[in-house]
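Worksheet: the structure to be examined is printed underneath.
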Amino acid sequence: MAKDEGTKHCNDLTNIGINRISSLPDDIKAHILSFLSTKKAVQTCILSKRWHDAWAYFPVLKVSQYEFRDEDQTQCRDKFIRFVNGAWKNRKTSHLDIFECYCSGADRIGHFVEWLGHVAALMPRVIVLDVNITKHLDLSQSVFSSAYLENLKLRFNALGTIIKPESINLPSLKILELVYIDLNDDLAQKLFRGCPALESLVLRWCDLGMSDITSDVLKTLNIDHCWLTRKLHISCPRLVSLSIRTVDINTDFSLKNMTSLANADIMLHNYYYDRSILRSLSNATSVKLRGCRHSMKQLEKDIPNCKTFHNLKILEIGKWDMTSNFDLIACFLKNSPYLQNLYLQLGVISLSLCPQKQIHDVDQGQPRQEAQRVLSKLEYVELVKINGGNKVNSNKLVKLLRRHIKNIGHILIL
């Protein structure tokens, strides 16, 4: 086609005025809107007549105060409140599938509670609340009584936020995330009794005053930067993934009935915990253990009761001086016949700070009598990665590893 003819063809198409965006099928429009906040979805009304009120029929409300940035915080909150009230007023459908709200301002808590009442009445499948509020919050009881709610995330920014539902009846709830919540025994018991289908539980920056997490259906448990005010017993026979990272050095917890556990990531701050951890990890395929010297020495006391880790493929241990305290690693190497990858994170305690006799023993290949009792070696490990130590410590650790592993595919020292 000649250049002039091509230009004429393009001009003809322009003159025709094809409105491709208006001809999009409804399912494609819904897919596009699903990526947008409600504020941005409302703005699509300028695209064409077919898009004029498309957002109003979409069963999703995602509202965020942070989209109304203004130098005057009061005006910002007022604009946000007016927008949310207008969105409720102009919706064309009684169906609501997803509700997400991100806002701040304790002085506007009445509006927030009112919106929750509207939301709960429509029984959505997903509720996400990320709110900066005061410590005590009277959430609508209907939020905790829904036959259709599957995903509930309550994220507050006040440490120890208190919620006191009279009862909990969420038979379809599968995912629960709580942030900055004061979780005592009473609330915990209501949660586990009222959420019989709960599969994933995330507790982040919470005050955990409860004594038990017991469930026959829970598959994922993440305890992240929480405070444990009493000993916590965890018993979940169907748990597949476990992550525990607390901020309290006096953390005390026990693990029981972990027969399905495949992935474990545990941070040990001190030595105040039950000697049940190694036994509970016996079926895992991936294990990550981190802690100080004292916590690891406590963990070593469980070595005589250690079972064989038949499924263990990936092991990560740190952060302490393993060159002078190798028993825990030796235990894993002895009892993990199918181990493939070993990641070791050296801690801040250098070899130069250890007693001179202990350094001499390490140089002679006899740290704490560990090397004298090596009766069998692991056949092969594909990758060993050592990170965080100086060259001298890393080389000493490699020597210790070779006493327990016949062949190492690759050694990476960072």
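Order determines the names: the first chain of the structure tokens is A, the second B, and so forth; residues in each chain are numbered 1 upward, and ligands are numbered 1 upward as they are shown.
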Please provide the set of residues having any atom within 10 Å of Leu139 in chain A, restricted to only C-alpha atoms, with same-chain residues fewer than 3 positions apart removed, written as a list of chain:residue names.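 Residues meeting the cut-off are A:Phe112, A:Val113, A:Glu114, A:Leu116, A:Gly117, A:His136, A:Ser142, A:Val143, A:Phe144, A:Ile163, A:Lys164, A:Pro165.
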Output the selection as a PDB file, in the first residue's frame - C-alpha atoms for each residue.
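Ended up saving to selection12.pdb:
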ATOM      1  CA  PHE A 112     -16.434   3.974  60.060  1.00  0.00           C
ATOM      2  CA  VAL A 113     -18.744   1.956  62.306  1.00  0.00           C
ATOM      3  CA  GLU A 114     -21.755   3.054  60.228  1.00  0.00           C
ATOM      4  CA  LEU A 116     -19.317  -1.470  58.604  1.00  0.00           C
ATOM      5  CA  GLY A 117     -23.001  -1.852  59.430  1.00  0.00           C
ATOM      6  CA  HIS A 136     -11.108   0.106  71.914  1.00  0.00           C
ATOM      7  CA  SER A 142     -22.928  -8.538  62.272  1.00  0.00           C
ATOM      8  CA  VAL A 143     -19.286  -8.445  61.071  1.00  0.00           C
ATOM      9  CA  PHE A 144     -18.715 -11.560  63.162  1.00  0.00           C
ATOM     10  CA  ILE A 163     -12.439  -6.010  70.185  1.00  0.00           C
ATOM     11  CA  LYS A 164     -15.117  -7.825  72.169  1.00  0.00           C
ATOM     12  CA  PRO A 165     -17.673  -9.581  69.959  1.00  0.00           C
TER      13      PRO A 165
END
Just want the 8 Å neighbourhood of Lys174 in chain A, counted on only C-alpha atoms, with same-chain residues fewer than 2 positions away dropped. Output as an NGL selection string. :A and (150-151 or 172 or 176 or 195 or 197-200)
Which is closer to Ser215 in chain A than all the others in A:Glu379, A:Lys256, A:Leu178, A:Trp227, using only C-alpha atoms? A:Lys256
So which residues of range 78-277 of chain A fall under alpha helix (DSSP H) by DSSP, listed as a VMD selection string? chain A and resid 78 to 90 109 to 122 185 to 194 277
Preceding selection exported with N, CA and C atoms as a CSV table (one decimal), in the first residue's frame:
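This went into again04.csv:
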chain,number,residue,atom,x,y,z
A,78,ASP,N,-12.6,14.9,55.6
A,78,ASP,CA,-14.0,15.3,55.2
A,78,ASP,C,-14.3,14.9,53.8
A,79,LYS,N,-13.3,15.1,52.9
A,79,LYS,CA,-13.5,14.7,51.5
A,79,LYS,C,-13.7,13.2,51.4
A,80,PHE,N,-12.9,12.5,52.1
A,80,PHE,CA,-13.0,11.0,52.1
A,80,PHE,C,-14.4,10.6,52.6
A,81,ILE,N,-14.8,11.1,53.7
A,81,ILE,CA,-16.1,10.7,54.2
A,81,ILE,C,-17.3,11.0,53.2
A,82,ARG,N,-17.2,12.2,52.6
A,82,ARG,CA,-18.2,12.6,51.6
A,82,ARG,C,-18.2,11.6,50.4
A,83,PHE,N,-17.0,11.2,50.0
A,83,PHE,CA,-16.9,10.3,48.9
A,83,PHE,C,-17.5,9.0,49.2
A,84,VAL,N,-17.1,8.4,50.4
A,84,VAL,CA,-17.7,7.1,50.7
A,84,VAL,C,-19.2,7.1,50.9
A,85,ASN,N,-19.7,8.1,51.5
A,85,ASN,CA,-21.2,8.2,51.7
A,85,ASN,C,-21.8,8.4,50.3
A,86,GLY,N,-21.2,9.1,49.4
A,86,GLY,CA,-21.8,9.2,48.0
A,86,GLY,C,-21.7,7.9,47.3
A,87,ALA,N,-20.6,7.2,47.5
A,87,ALA,CA,-20.5,5.9,46.8
A,87,ALA,C,-21.6,4.9,47.3
A,88,TRP,N,-21.9,4.9,48.6
A,88,TRP,CA,-23.0,4.1,49.1
A,88,TRP,C,-24.3,4.5,48.5
A,89,LYS,N,-24.5,5.8,48.4
A,89,LYS,CA,-25.8,6.3,47.9
A,89,LYS,C,-26.0,6.0,46.4
A,90,ASN,N,-25.0,6.0,45.6
A,90,ASN,CA,-25.1,5.9,44.2
A,90,ASN,C,-24.9,4.4,43.7
A,109,ILE,N,-14.6,7.9,63.9
A,109,ILE,CA,-14.9,6.5,64.1
A,109,ILE,C,-16.4,6.2,63.9
A,110,GLY,N,-17.2,7.1,64.2
A,110,GLY,CA,-18.7,6.9,64.0
A,110,GLY,C,-19.0,6.6,62.6
A,111,HIS,N,-18.4,7.3,61.6
A,111,HIS,CA,-18.7,7.0,60.2
A,111,HIS,C,-18.2,5.6,59.8
A,112,PHE,N,-17.0,5.3,60.3
A,112,PHE,CA,-16.4,4.0,60.1
A,112,PHE,C,-17.3,2.8,60.5
A,113,VAL,N,-17.8,3.0,61.8
A,113,VAL,CA,-18.7,2.0,62.3
A,113,VAL,C,-20.0,1.9,61.5
A,114,GLU,N,-20.5,3.0,61.0
A,114,GLU,CA,-21.8,3.1,60.2
A,114,GLU,C,-21.5,2.3,58.9
A,115,TRP,N,-20.4,2.6,58.3
A,115,TRP,CA,-20.1,1.9,57.0
A,115,TRP,C,-20.0,0.4,57.2
A,116,LEU,N,-19.4,0.0,58.3
A,116,LEU,CA,-19.3,-1.5,58.6
A,116,LEU,C,-20.7,-2.1,58.7
A,117,GLY,N,-21.6,-1.3,59.3
A,117,GLY,CA,-23.0,-1.9,59.4
A,117,GLY,C,-23.6,-2.1,58.1
A,118,HIS,N,-23.4,-1.2,57.1
A,118,HIS,CA,-23.9,-1.4,55.7
A,118,HIS,C,-23.2,-2.6,55.1
A,119,VAL,N,-21.9,-2.7,55.3
A,119,VAL,CA,-21.1,-3.8,54.7
A,119,VAL,C,-21.6,-5.1,55.2
A,120,ALA,N,-21.7,-5.3,56.5
A,120,ALA,CA,-22.1,-6.5,57.1
A,120,ALA,C,-23.5,-7.0,56.6
A,121,ALA,N,-24.4,-6.0,56.4
A,121,ALA,CA,-25.7,-6.4,56.0
A,121,ALA,C,-25.8,-7.0,54.6
A,122,LEU,N,-24.8,-6.7,53.8
A,122,LEU,CA,-24.7,-7.2,52.4
A,122,LEU,C,-23.9,-8.5,52.3
A,185,ASP,N,-7.7,-15.4,75.9
A,185,ASP,CA,-8.3,-16.7,75.8
A,185,ASP,C,-9.7,-16.7,75.4
A,186,ASP,N,-10.5,-15.7,75.9
A,186,ASP,CA,-11.9,-15.6,75.6
A,186,ASP,C,-12.1,-15.4,74.1
A,187,LEU,N,-11.4,-14.4,73.5
A,187,LEU,CA,-11.5,-14.1,72.1
A,187,LEU,C,-11.0,-15.3,71.2
A,188,ALA,N,-9.9,-15.9,71.6
A,188,ALA,CA,-9.3,-17.0,70.9
A,188,ALA,C,-10.3,-18.2,70.8
A,189,GLN,N,-10.9,-18.5,72.0
A,189,GLN,CA,-11.9,-19.6,72.0
A,189,GLN,C,-13.1,-19.3,71.1
A,190,LYS,N,-13.6,-18.1,71.1
A,190,LYS,CA,-14.7,-17.7,70.2
A,190,LYS,C,-14.3,-17.9,68.8
A,191,LEU,N,-13.0,-17.5,68.4
A,191,LEU,CA,-12.6,-17.6,67.1
A,191,LEU,C,-12.5,-19.0,66.6
A,192,PHE,N,-11.9,-19.9,67.3
A,192,PHE,CA,-11.7,-21.2,66.9
A,192,PHE,C,-13.0,-22.0,66.9
A,193,ARG,N,-13.9,-21.7,67.8
A,193,ARG,CA,-15.2,-22.3,67.8
A,193,ARG,C,-16.1,-21.8,66.7
A,194,GLY,N,-16.0,-20.5,66.5
A,194,GLY,CA,-16.9,-19.9,65.5
A,194,GLY,C,-16.4,-19.9,64.1
A,277,ILE,N,10.4,-28.9,69.9
A,277,ILE,CA,10.5,-28.3,68.6
A,277,ILE,C,11.1,-29.3,67.6
9 Å contact set for range 333-345 of chain A, only C-alpha atoms, chain neighbours under 2 positions out, as an MDAnalysis selection string: chainID A and resid 285 288 290 306:320 322 328:331 347 374 376:389 401 404:405
Find the distance between CA of Glu300 in chain A and CA of Val287 in chain A and write it in Å to one decimal.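 A separation of 15.7 Å between them.
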Please return as a VMD selection string: the residues of range 305-336 of chain A that backbone DSSP assigns to strand (DSSP E or B). chain A and resid 314 to 320
For CA of Ile175 in chain A and CA of Glu67 in chain A, quote the distance in Å rounded to one decimal. 26.9 Å
Could you list, as a list of chain:residue names, every residue within 9 Å of Ser145 in chain A, counting only C-alpha atoms and ignoring same-chain residues fewer than 5 positions away?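 What passes the distance filter is A:Ala120, A:Ser167, A:Ile168, A:Asn169, A:Leu170, A:Pro171, A:Gly194.
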Which residues of range 47-162 of chain A come within 10 Å of range 18-34 of chain A, and what is each one's closest atom pair and distance in Å (one decimal), counting only C-alpha atoms, sorted by chain and residue number, as CSV?
residue,atom,partner,partner_atom,distance
A:Leu47,CA,A:Ile21,CA,7.7
A:Ser48,CA,A:Ser22,CA,6.3
A:Lys49,CA,A:Ser22,CA,7.7
A:Arg50,CA,A:Ser22,CA,5.9
A:Trp51,CA,A:Ser22,CA,7.2
A:Ala54,CA,A:Lys29,CA,8.2
A:Trp55,CA,A:Leu33,CA,7.3
A:Tyr57,CA,A:Ala30,CA,9.4
A:Phe58,CA,A:Ala30,CA,6.9
A:Pro59,CA,A:Ala30,CA,9.3
A:Val60,CA,A:Ser34,CA,7.5
A:Leu61,CA,A:Ser34,CA,9.6
A:Lys62,CA,A:Ser34,CA,9.5
A:Ile98,CA,A:Ser34,CA,9.8
Could you give me, as JSON, numbers by chain, the residues within 9 Å of Lys297 in chain A, counting only C-alpha atoms and dropping anything in the same chain fewer than 3 positions from it? {"A": [271, 292, 293, 294, 300, 301, 325, 327, 328]}
Skipping near chain neighbours, those fewer than 5 positions away, what residues fall within 10 Å of Ser280 in chain A using only C-alpha atoms, listed as a list in words?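 Using only C-alpha atoms, the neighbours found are Ser254, Leu255, Lys256, Asn257, Met258, Thr259, Ser260, Leu261, Ala264, Arg275, Cys306 and Lys307 of chain A.
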Those selected residues, please, written with N, CA and C atoms and delivered as an mmCIF file, in the first residue's frame.
data_model
loop_
_atom_site.group_PDB
_atom_site.id
_atom_site.type_symbol
_atom_site.label_atom_id
_atom_site.label_comp_id
_atom_site.auth_asym_id
_atom_site.auth_seq_id
_atom_site.Cartn_x
_atom_site.Cartn_y
_atom_site.Cartn_z
ATOM 1 N N SER A 254 5.115 -24.292 72.899
ATOM 2 C CA SER A 254 5.333 -25.710 72.620
ATOM 3 C C SER A 254 4.579 -26.103 71.361
ATOM 4 N N LEU A 255 5.096 -27.108 70.673
ATOM 5 C CA LEU A 255 4.481 -27.613 69.448
ATOM 6 C C LEU A 255 4.072 -29.063 69.653
ATOM 7 N N LYS A 256 2.881 -29.388 69.169
ATOM 8 C CA LYS A 256 2.372 -30.745 69.344
ATOM 9 C C LYS A 256 1.477 -31.109 68.164
ATOM 10 N N ASN A 257 1.486 -32.373 67.795
ATOM 11 C CA ASN A 257 0.632 -32.876 66.704
ATOM 12 C C ASN A 257 0.895 -32.129 65.393
ATOM 13 N N MET A 258 2.154 -32.071 64.981
ATOM 14 C CA MET A 258 2.543 -31.384 63.750
ATOM 15 C C MET A 258 2.850 -32.396 62.645
ATOM 16 N N THR A 259 2.013 -33.377 62.494
ATOM 17 C CA THR A 259 2.285 -34.482 61.573
ATOM 18 C C THR A 259 2.251 -34.072 60.101
ATOM 19 N N SER A 260 1.588 -32.966 59.768
ATOM 20 C CA SER A 260 1.490 -32.532 58.374
ATOM 21 C C SER A 260 2.422 -31.371 58.045
ATOM 22 N N LEU A 261 3.209 -30.930 59.025
ATOM 23 C CA LEU A 261 4.023 -29.724 58.840
ATOM 24 C C LEU A 261 5.093 -29.948 57.771
ATOM 25 N N ALA A 264 8.671 -24.801 58.027
ATOM 26 C CA ALA A 264 8.765 -24.176 59.347
ATOM 27 C C ALA A 264 9.829 -23.091 59.334
ATOM 28 N N ARG A 275 10.849 -28.234 75.152
ATOM 29 C CA ARG A 275 11.757 -29.022 74.313
ATOM 30 C C ARG A 275 10.976 -29.962 73.399
ATOM 31 N N CYS A 306 15.592 -36.679 69.187
ATOM 32 C CA CYS A 306 15.378 -36.270 67.806
ATOM 33 C C CYS A 306 15.057 -37.468 66.914
ATOM 34 N N LYS A 307 14.083 -37.300 66.030
ATOM 35 C CA LYS A 307 13.709 -38.335 65.078
ATOM 36 C C LYS A 307 14.412 -38.103 63.748
#
Could you tell me how far CA of Ile133 in chain A lies from CA of Cys103 in chain A, in Å and to one decimal?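 For CA of Ile133 in chain A relative to CA of Cys103 in chain A, the distance reads 8.8 Å.
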